[in-house]
Amino acid sequence: MTGEPIRAIAFYLPQFHPIPENDAWWGKGFTEWTNVVKAKPLFRGHYQPHLPADLGFYDLRLPEVRQAQVDLAREYGLYGFCYYHYWFNGKRLLHRPFDEVLASGNPDFPFCLCWANENWTRIWDGGDSEVLMKQTYSEEDDLAHIRWLAHAFADSRYIRVENKPLFIIYRAHKLPDLLKTTTVWREECRRLGIGEIFLCRIDTASDTVLPSEAGLDAAVEFQPDWGSLGPVVGSRLRKRFHFDDWRFFMRRKLLGDDTRVYDYSELVETMSRRPLPPYPRFPCVTPSWDNSPRRRSGATVFLGSTPELFERWLTATLSRAVASDNRPPILFMNAWNEWGEGNHLEPDQQHGRSYLEAVRGAVSSPNRLQLPLGGFTCSSKGERLTADRYFGPIEPPAN
């Protein structure tokens with residue numbers, strides 16, 4: 001174990017300002033707030049809508065807003081932001097906030113980029129098959145892309161690992177020849193004077209080769225991990241989950257809504273004991289998850305998240321990160337401001353700054369020993385905080 005400080009980096013969504021494409025696709029003036037304010041509870045005990053507190057319904061075109069975000073993040077122990085970067089064969093979307101951060105030199109706060117290399121579709125309103133902006137790949141685009149990225153890499157605020165700019169690919173397995181792309185990028189960065197770069201992928205079930213075999217240096221965990229969610233609450237393994245709310249019953253039976261509900265405490269316990277992979281991977285945690293504001297149906301909802309439980313997960317994850325061979329010890333958080341997916345560290349009207357206080361509590365004491373997670377109590381009243389508190393006791397699975 002070394003004395004290196006923890007770097008807590010939060011993923012950052014830039015979709016809080018209007019752009020022409022969103023105006024055309026979703027209606028004039030659309031931003032992430034459009035979905036957030038329309039959200040409604042699907043059943044009793046379902047916390048929606050999530051409404052902002054300290055920062056309000058901000059517009060990221062304003063430098064004062066971006067500075068206020070950084071001031072808040074820094075106050076509570078975050079090291080930097082990882083901005084989602086949208087590049088489609090030379091076409092960029094939602095780029096104004098980052099462009100202005102890069103051009104102005106402000107705020108003075110570390111950052112890196114994660115290329116969100118997925119097709120944009122109408123999945124938010126149920127039209128998953130309709131592609132709005134398609135990802136295409138070529139060697140020419142690889143060169144154009146890395147030449148643009150080199151301007152960001154050269155910034156003194158850009159986050160480095162082993163003195164190399166850190167760049168993350170969200171869906172690396174979608175690139176037709178990932179090794180060729182990473183080779184082109186590395187060679188061009190050397191030619192441009194950037195030097196070596198540190199390339200990561202977001203780990204998914206579709207990533208079947210070691211990062212090193214694809215020209216990558218490491219991986220980044222993403223939470224929730226869709227392959228390790230546990231049983232759906234209300235399934236055979238969760239018989240006595242009481243959706244005693246007629247609105248939700250009607251949505252499921254008559255409208256075919258296949259919204260899935262999971263227990264946040266089970267995610268915490270499972271992920272805190274997850275075996276480490278045989279390659280470098282930076283861990284990730286999430287304060288909560290609920291993408292029902294973005295989905296007319298088929299949402300994924302986690303119930304039972306509390307600041308105390310989140311801090312417990314943070315502490316356990318940081319203890320493992322500090323003790324691991326990964327250097328520097330980096331922890332990713334999903335996310336700073338994903339309001340439409342219910343996972344935000346920014347204060348809301350229900351919890352205030354409690355989740356940020358959990359971050360500060362865990363980051364300020366990263367060397368605490370990890371305690372067994374089974375049977376822990378997390379509320380001020382000593383009660384176990386699981387989905388049971390909303391829907392009654394949970395029976396064990398049938399033999």
# chains A, B, ... in the order shown; residues from 1 in each chain; ligands from 1
>>> closest_atom_pairs(of="range 154-245 of chain A", to="range 116-119 of chain A", cutoff="7 Å", atoms="only C-alpha atoms", output="JSON lines")
{"residue": "A:Ile169", "atom": "CA", "partner": "A:Ala116", "partner_atom": "CA", "distance": 6.8}
{"residue": "A:Tyr170", "atom": "CA", "partner": "A:Ala116", "partner_atom": "CA", "distance": 5.2}
{"residue": "A:Arg171", "atom": "CA", "partner": "A:Asn117", "partner_atom": "CA", "distance": 6.1}
>>> residues_around(residues="range 147-152 of chain A", least_positions_apart="6", cutoff="12 Å", atoms="only C-alpha atoms", output="number ranges by chain")
A: 83, 85-87, 89-92, 98-103, 105, 110-115, 140-141, 158-160, 164-168, 184-197
>>> closest_residue(among="A:Ile19, A:Ala144, A:Met133, A:Ala214", to="Thr121 in chain A", atoms="only C-alpha atoms")
A:Met133
>>> residues_around(residues="Phe30 in chain A", least_positions_apart="2", cutoff="10 Å", atoms="only C-alpha atoms", output="ChimeraX atom specification")
/A:15-28,32-35
>>> atom_distance(atom1="CA of Gly230 in chain A", atom2="CA of Asp203 in chain A")
18.1 Å
>>> atom_distance(atom1="CA of Pro280 in chain A", atom2="CA of Glu213 in chain A")
12.9 Å
>>> residues_around(residues="range 308-312 of chain A", least_positions_apart="2", cutoff="8 Å", atoms="only C-alpha atoms", output="number ranges by chain")
A: 265, 268, 286-287, 305-306, 314-316, 355, 358-359, 361-362, 378-379, 385
>>> write_last_selection(atoms="N, CA and C atoms", output="compact mmCIF listing (two decimals), in the first residue's frame")
# COMPACT_ATOMS: atom_id res chain seq x y z
N SER A 265 -29.03 -2.54 -2.18
CA SER A 265 -28.15 -3.13 -1.17
C SER A 265 -27.51 -4.42 -1.68
N VAL A 268 -24.61 -3.48 -3.88
CA VAL A 268 -23.47 -3.08 -3.06
C VAL A 268 -22.73 -4.30 -2.52
N THR A 286 -21.80 3.70 -8.01
CA THR A 286 -22.88 4.60 -8.40
C THR A 286 -23.76 4.88 -7.20
N PRO A 287 -24.19 6.12 -7.00
CA PRO A 287 -25.04 6.42 -5.85
C PRO A 287 -26.45 5.84 -5.97
N SER A 305 -31.38 2.80 -2.12
CA SER A 305 -30.13 3.55 -1.99
C SER A 305 -30.26 4.60 -0.90
N THR A 306 -29.22 4.72 -0.09
CA THR A 306 -29.12 5.77 0.91
C THR A 306 -27.70 6.30 0.90
N LEU A 314 -18.46 2.86 -1.11
CA LEU A 314 -17.27 3.65 -1.41
C LEU A 314 -16.07 3.21 -0.57
N THR A 315 -16.29 3.09 0.73
CA THR A 315 -15.20 2.75 1.63
C THR A 315 -14.62 1.39 1.30
N ALA A 316 -15.48 0.40 1.06
CA ALA A 316 -15.01 -0.93 0.71
C ALA A 316 -14.23 -0.91 -0.60
N TYR A 355 -25.10 12.70 -0.45
CA TYR A 355 -24.25 11.79 -1.22
C TYR A 355 -22.85 12.37 -1.41
N ALA A 358 -21.02 11.70 1.68
CA ALA A 358 -20.55 10.32 1.71
C ALA A 358 -19.23 10.19 0.95
N VAL A 359 -19.12 10.88 -0.18
CA VAL A 359 -17.87 10.86 -0.94
C VAL A 359 -16.74 11.42 -0.09
N GLY A 361 -16.51 11.67 3.12
CA GLY A 361 -16.22 10.80 4.24
C GLY A 361 -15.37 9.61 3.85
N ALA A 362 -15.67 9.01 2.70
CA ALA A 362 -14.92 7.84 2.27
C ALA A 362 -13.55 8.21 1.71
N CYS A 378 -27.57 0.57 8.35
CA CYS A 378 -27.11 1.80 7.74
C CYS A 378 -27.92 3.03 8.11
N SER A 379 -29.09 2.89 8.65
CA SER A 379 -29.87 4.08 8.95
C SER A 379 -29.62 4.54 10.37
N LEU A 385 -31.26 -1.42 5.35
CA LEU A 385 -31.90 -0.65 4.28
C LEU A 385 -31.88 -1.43 2.98
>>> residues_around(residues="Ser324 in chain A", least_positions_apart="2", cutoff="12 Å", atoms="only C-alpha atoms", output="ChimeraX atom specification")
/A:1-2,275-283,317-322,326-330
>>> closest_residue(among="A:Gln67, A:Thr208, A:Ser138, A:Asn106", to="Ser156 in chain A", atoms="only C-alpha atoms")
A:Asn106
